[in-house]
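Text of structure_6.pdb, listed as PDB, C-alpha atoms, pLDDT in the B column:
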```
ATOM      1  CA  MET A   1      -2.754 -23.273 -35.014  1.00 47.00           C
ATOM      2  CA  ASN A   2      -0.939 -20.927 -32.706  1.00 48.00           C
ATOM      3  CA  GLU A   3       2.544 -22.109 -31.717  1.00 57.00           C
ATOM      4  CA  ASN A   4       2.522 -19.813 -28.630  1.00 77.00           C
ATOM      5  CA  LEU A   5      -0.059 -21.892 -26.751  1.00 81.00           C
ATOM      6  CA  PRO A   6       1.217 -24.273 -24.054  1.00 84.00           C
ATOM      7  CA  PRO A   7       0.650 -28.022 -24.298  1.00 84.00           C
ATOM      8  CA  CYS A   8      -2.179 -29.661 -22.366  1.00 84.00           C
ATOM      9  CA  PRO A   9      -1.242 -30.179 -18.675  1.00 84.00           C
ATOM     10  CA  GLU A  10      -3.225 -33.442 -18.579  1.00 84.00           C
ATOM     11  CA  CYS A  11      -2.044 -35.343 -21.675  1.00 87.00           C
ATOM     12  CA  SER A  12       0.766 -33.086 -23.048  1.00 84.00           C
ATOM     13  CA  SER A  13      -0.961 -32.708 -26.412  1.00 85.00           C
ATOM     14  CA  ALA A  14       0.438 -29.918 -28.573  1.00 84.00           C
ATOM     15  CA  TYR A  15      -2.901 -29.323 -30.328  1.00 86.00           C
ATOM     16  CA  THR A  16      -4.442 -26.945 -27.785  1.00 86.00           C
ATOM     17  CA  TYR A  17      -6.635 -24.049 -28.861  1.00 86.00           C
ATOM     18  CA  GLU A  18      -8.299 -21.006 -27.286  1.00 85.00           C
ATOM     19  CA  MET A  19     -12.041 -20.877 -26.691  1.00 80.00           C
ATOM     20  CA  GLY A  20     -12.917 -17.559 -25.106  1.00 78.00           C
ATOM     21  CA  ALA A  21     -10.828 -17.155 -21.946  1.00 79.00           C
ATOM     22  CA  LEU A  22     -10.038 -20.886 -21.715  1.00 83.00           C
ATOM     23  CA  LEU A  23      -7.547 -23.189 -23.383  1.00 86.00           C
ATOM     24  CA  VAL A  24      -8.955 -26.491 -24.614  1.00 87.00           C
ATOM     25  CA  CYS A  25      -7.308 -29.803 -25.498  1.00 88.00           C
ATOM     26  CA  PRO A  26      -9.108 -31.567 -28.389  1.00 87.00           C
ATOM     27  CA  GLU A  27      -7.598 -34.956 -27.533  1.00 87.00           C
ATOM     28  CA  CYS A  28      -8.602 -35.347 -23.863  1.00 87.00           C
ATOM     29  CA  GLY A  29     -11.184 -32.526 -23.563  1.00 85.00           C
ATOM     30  CA  HIS A  30      -9.391 -30.809 -20.656  1.00 85.00           C
ATOM     31  CA  GLU A  31     -10.152 -27.087 -20.232  1.00 85.00           C
ATOM     32  CA  TRP A  32      -8.040 -24.639 -18.221  1.00 82.00           C
ATOM     33  CA  SER A  33      -7.382 -20.924 -17.952  1.00 79.00           C
ATOM     34  CA  GLY A  34      -3.850 -20.283 -19.048  1.00 67.00           C
ATOM     35  CA  SER A  35      -4.052 -17.988 -22.054  1.00 44.00           C
ATOM     36  CA  SER A  36      -1.131 -15.697 -22.766  1.00 44.00           C
ATOM     37  CA  GLN A  37      -3.348 -12.645 -22.158  1.00 42.00           C
ATOM     38  CA  ALA A  38      -4.470 -13.853 -18.724  1.00 41.00           C
ATOM     39  CA  ALA A  39      -0.886 -14.657 -17.715  1.00 41.00           C
ATOM     40  CA  GLY A  40       0.200 -11.107 -18.513  1.00 42.00           C
ATOM     41  CA  GLU A  41      -2.648  -9.494 -16.564  1.00 47.00           C
ATOM     42  CA  ALA A  42      -2.761 -11.810 -13.588  1.00 46.00           C
ATOM     43  CA  ALA A  43      -0.802 -11.180 -10.413  1.00 46.00           C
ATOM     44  CA  ALA A  44       2.060 -13.402  -9.339  1.00 51.00           C
ATOM     45  CA  PRO A  45       0.961 -16.797  -8.014  1.00 55.00           C
ATOM     46  CA  GLY A  46      -0.003 -16.558  -4.369  1.00 58.00           C
ATOM     47  CA  GLU A  47      -0.473 -12.789  -4.498  1.00 68.00           C
ATOM     48  CA  LYS A  48      -3.977 -11.717  -3.450  1.00 79.00           C
ATOM     49  CA  VAL A  49      -5.732  -9.116  -5.597  1.00 88.00           C
ATOM     50  CA  ILE A  50      -7.702  -6.599  -3.540  1.00 91.00           C
ATOM     51  CA  LYS A  51     -10.529  -4.688  -5.236  1.00 92.00           C
ATOM     52  CA  ASP A  52     -12.558  -1.684  -4.087  1.00 92.00           C
ATOM     53  CA  SER A  53     -16.350  -1.465  -3.867  1.00 91.00           C
ATOM     54  CA  VAL A  54     -16.766  -0.985  -7.635  1.00 91.00           C
ATOM     55  CA  GLY A  55     -14.196  -3.559  -8.774  1.00 89.00           C
ATOM     56  CA  ASN A  56     -11.062  -1.453  -9.346  1.00 91.00           C
ATOM     57  CA  VAL A  57      -7.811  -3.174  -8.363  1.00 92.00           C
ATOM     58  CA  LEU A  58      -6.089  -1.412  -5.450  1.00 94.00           C
ATOM     59  CA  ALA A  59      -2.331  -1.051  -4.964  1.00 93.00           C
ATOM     60  CA  ASP A  60      -0.040   0.300  -2.255  1.00 93.00           C
ATOM     61  CA  GLY A  61       0.119   4.107  -2.304  1.00 94.00           C
ATOM     62  CA  ASP A  62      -3.309   4.636  -3.918  1.00 95.00           C
ATOM     63  CA  THR A  63      -5.735   7.328  -2.825  1.00 95.00           C
ATOM     64  CA  VAL A  64      -9.250   6.125  -2.006  1.00 96.00           C
ATOM     65  CA  THR A  65     -12.548   7.739  -1.037  1.00 96.00           C
ATOM     66  CA  VAL A  66     -14.845   6.340   1.662  1.00 95.00           C
ATOM     67  CA  VAL A  67     -18.229   5.552   0.046  1.00 96.00           C
ATOM     68  CA  LYS A  68     -20.413   5.324   3.158  1.00 94.00           C
ATOM     69  CA  THR A  69     -20.360   6.831   6.634  1.00 94.00           C
ATOM     70  CA  LEU A  70     -18.481   4.590   9.082  1.00 93.00           C
ATOM     71  CA  LYS A  71     -18.947   4.389  12.824  1.00 93.00           C
ATOM     72  CA  VAL A  72     -15.730   4.511  14.848  1.00 90.00           C
ATOM     73  CA  LYS A  73     -15.586   3.337  18.459  1.00 88.00           C
ATOM     74  CA  GLY A  74     -14.824   6.196  20.813  1.00 86.00           C
ATOM     75  CA  SER A  75     -15.688   8.867  18.278  1.00 86.00           C
ATOM     76  CA  PRO A  76     -19.012  10.724  18.307  1.00 88.00           C
ATOM     77  CA  SER A  77     -19.011  11.527  14.580  1.00 88.00           C
ATOM     78  CA  GLY A  78     -17.257   8.680  12.723  1.00 91.00           C
ATOM     79  CA  ILE A  79     -15.791   8.870   9.220  1.00 94.00           C
ATOM     80  CA  LYS A  80     -18.111  10.623   6.778  1.00 94.00           C
ATOM     81  CA  ALA A  81     -18.766   9.421   3.232  1.00 94.00           C
ATOM     82  CA  GLY A  82     -16.537  11.247   0.751  1.00 95.00           C
ATOM     83  CA  THR A  83     -13.488  11.380   3.057  1.00 95.00           C
ATOM     84  CA  LYS A  84     -10.281  10.949   1.036  1.00 95.00           C
ATOM     85  CA  VAL A  85      -7.608   8.640   2.381  1.00 95.00           C
ATOM     86  CA  ARG A  86      -4.153   8.986   0.840  1.00 95.00           C
ATOM     87  CA  ASN A  87      -1.251   6.564   0.614  1.00 94.00           C
ATOM     88  CA  ILE A  88      -2.976   3.324   1.584  1.00 95.00           C
ATOM     89  CA  ARG A  89      -1.103   0.100   2.324  1.00 95.00           C
ATOM     90  CA  LEU A  90      -2.601  -3.309   1.528  1.00 94.00           C
ATOM     91  CA  VAL A  91      -2.310  -5.890   4.307  1.00 93.00           C
ATOM     92  CA  ASP A  92      -3.729  -9.263   5.330  1.00 89.00           C
ATOM     93  CA  GLY A  93      -5.880  -7.861   8.091  1.00 82.00           C
ATOM     94  CA  VAL A  94      -8.298  -9.379  10.536  1.00 87.00           C
ATOM     95  CA  ASP A  95     -11.992  -9.831   9.671  1.00 88.00           C
ATOM     96  CA  GLY A  96     -11.734  -8.435   6.120  1.00 87.00           C
ATOM     97  CA  HIS A  97      -9.886  -5.239   7.047  1.00 93.00           C
ATOM     98  CA  ASP A  98      -7.316  -5.276   4.246  1.00 93.00           C
ATOM     99  CA  ILE A  99      -6.334  -1.585   4.001  1.00 94.00           C
ATOM    100  CA  ASP A 100      -3.947   0.021   6.489  1.00 95.00           C
ATOM    101  CA  CYS A 101      -4.029   3.834   6.409  1.00 95.00           C
ATOM    102  CA  LYS A 102      -4.089   7.126   8.298  1.00 95.00           C
ATOM    103  CA  VAL A 103      -7.394   8.989   8.246  1.00 93.00           C
ATOM    104  CA  ASP A 104      -7.153  12.738   8.856  1.00 91.00           C
ATOM    105  CA  GLY A 105      -8.689  13.546  12.246  1.00 87.00           C
ATOM    106  CA  PHE A 106      -8.734   9.884  13.375  1.00 90.00           C
ATOM    107  CA  GLY A 107      -5.173   8.587  13.006  1.00 91.00           C
ATOM    108  CA  PRO A 108      -4.010   5.139  11.917  1.00 93.00           C
ATOM    109  CA  MET A 109      -6.663   2.483  11.311  1.00 93.00           C
ATOM    110  CA  GLN A 110      -7.658  -0.396   9.073  1.00 93.00           C
ATOM    111  CA  LEU A 111     -10.521  -0.275   6.587  1.00 94.00           C
ATOM    112  CA  LYS A 112     -12.338  -2.852   4.498  1.00 94.00           C
ATOM    113  CA  SER A 113     -11.875  -2.549   0.746  1.00 93.00           C
ATOM    114  CA  SER A 114     -15.660  -2.900   0.327  1.00 93.00           C
ATOM    115  CA  VAL A 115     -16.260   0.577   1.818  1.00 95.00           C
ATOM    116  CA  VAL A 116     -13.794   2.533  -0.351  1.00 95.00           C
ATOM    117  CA  LYS A 117     -13.577   3.585  -3.986  1.00 95.00           C
ATOM    118  CA  LYS A 118     -10.351   4.328  -5.858  1.00 93.00           C
ATOM    119  CA  ALA A 119     -10.007   8.082  -6.391  1.00 88.00           C
TER     120      ALA A 119
END
```
Structure encoded using structure tokens:
Amino acid sequence: MNENLPPCPECSSAYTYEMGALLVCPECGHEWSGSSQAAGEAAAPGEKVIKDSVGNVLADGDTVTVVKTLKVKGSPSGIKAGTKVRNIRLVDGVDGHDIDCKVDGFGPMQLKSSVVKKA
């Protein structure tokens, strides 16, 4: 058995084992995700992970590319697919708009992470 595994949170049994991505307690049958690998990769508790349209994790300061043409109120052309946006900032926006950025030719705006791809 691996001494690095935590005890069961339900019954405090020390005989836990890994089964795939889960930890399992053989005494009470409780299963939970708390492996040492997942703890190292996961974000801090309470921190929201924001992913782009293809599943890459985004971070502040990243450069992204717009994957589809977006309509912008008050603008006749909008933002074309393939436009690069540099130095993004992740925010808790309204209505799914979780990226705060400056788009060249349009100025500051918020975008949804589902319409961008990490460059």
Neighbours of Asp92 (chain A) within 12 Å (only C-alpha atoms; same-chain residues fewer than 5 positions away dropped), as a ChimeraX atom specification? /A:47-50,97-100,110-113
Would you please work out which residue, of A:Val94, A:Phe106, A:Cys28, A:Val67, is nearest to Ala81 (chain A) when using only C-alpha atoms?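 Closest residue, counting only C-alpha atoms: A:Val67.
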Shortest interatomic distance to Gly61 (chain A) - which of A:Thr83, A:Arg89, A:Ala21, A:Lys73, counting all atoms listed in the file: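 Nearest to Gly61 (chain A): A:Arg89.
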Point out the residue among A:Ser33, A:Gly105, A:Ala119, A:Leu90 with the least atom-to-atom distance to Val66 (chain A), counting only C-alpha atoms. A:Ala119
Atomic distance CA of Glu27 (chain A) - CA of Cys11 (chain A), expressed in Å with one decimal: 8.1 Å
Taking the file as shown, what set of residues would the PyMOL selection byres ((chain A and resi 15) around 10) give back, as an mmCIF file with C-alpha atoms, in the frame of the given file?
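Result file is selection39.cif:
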```cif
data_model
loop_
_atom_site.group_PDB
_atom_site.id
_atom_site.type_symbol
_atom_site.label_atom_id
_atom_site.label_comp_id
_atom_site.auth_asym_id
_atom_site.auth_seq_id
_atom_site.Cartn_x
_atom_site.Cartn_y
_atom_site.Cartn_z
ATOM 1 C CA MET A 1 -2.754 -23.273 -35.014
ATOM 2 C CA ASN A 2 -0.939 -20.927 -32.706
ATOM 3 C CA GLU A 3 2.544 -22.109 -31.717
ATOM 4 C CA LEU A 5 -0.059 -21.892 -26.751
ATOM 5 C CA PRO A 6 1.217 -24.273 -24.054
ATOM 6 C CA PRO A 7 0.650 -28.022 -24.298
ATOM 7 C CA CYS A 8 -2.179 -29.661 -22.366
ATOM 8 C CA SER A 12 0.766 -33.086 -23.048
ATOM 9 C CA SER A 13 -0.961 -32.708 -26.412
ATOM 10 C CA ALA A 14 0.438 -29.918 -28.573
ATOM 11 C CA THR A 16 -4.442 -26.945 -27.785
ATOM 12 C CA TYR A 17 -6.635 -24.049 -28.861
ATOM 13 C CA VAL A 24 -8.955 -26.491 -24.614
ATOM 14 C CA CYS A 25 -7.308 -29.803 -25.498
ATOM 15 C CA PRO A 26 -9.108 -31.567 -28.389
ATOM 16 C CA GLU A 27 -7.598 -34.956 -27.533
#
```
Please evaluate the PyMOL selection byres ((chain A and resi 117) around 7) against the displayed coordinates and give the resulting residues as a PDB file with C-alpha atoms, in the frame of the given file.
```
ATOM      1  CA  ASP A  52     -12.558  -1.684  -4.087  1.00 92.00           C
ATOM      2  CA  SER A  53     -16.350  -1.465  -3.867  1.00 91.00           C
ATOM      3  CA  VAL A  54     -16.766  -0.985  -7.635  1.00 91.00           C
ATOM      4  CA  VAL A  64      -9.250   6.125  -2.006  1.00 96.00           C
ATOM      5  CA  THR A  65     -12.548   7.739  -1.037  1.00 96.00           C
ATOM      6  CA  VAL A  66     -14.845   6.340   1.662  1.00 95.00           C
ATOM      7  CA  VAL A  67     -18.229   5.552   0.046  1.00 96.00           C
ATOM      8  CA  VAL A 116     -13.794   2.533  -0.351  1.00 95.00           C
ATOM      9  CA  LYS A 118     -10.351   4.328  -5.858  1.00 93.00           C
ATOM     10  CA  ALA A 119     -10.007   8.082  -6.391  1.00 88.00           C
TER      11      ALA A 119
END
```
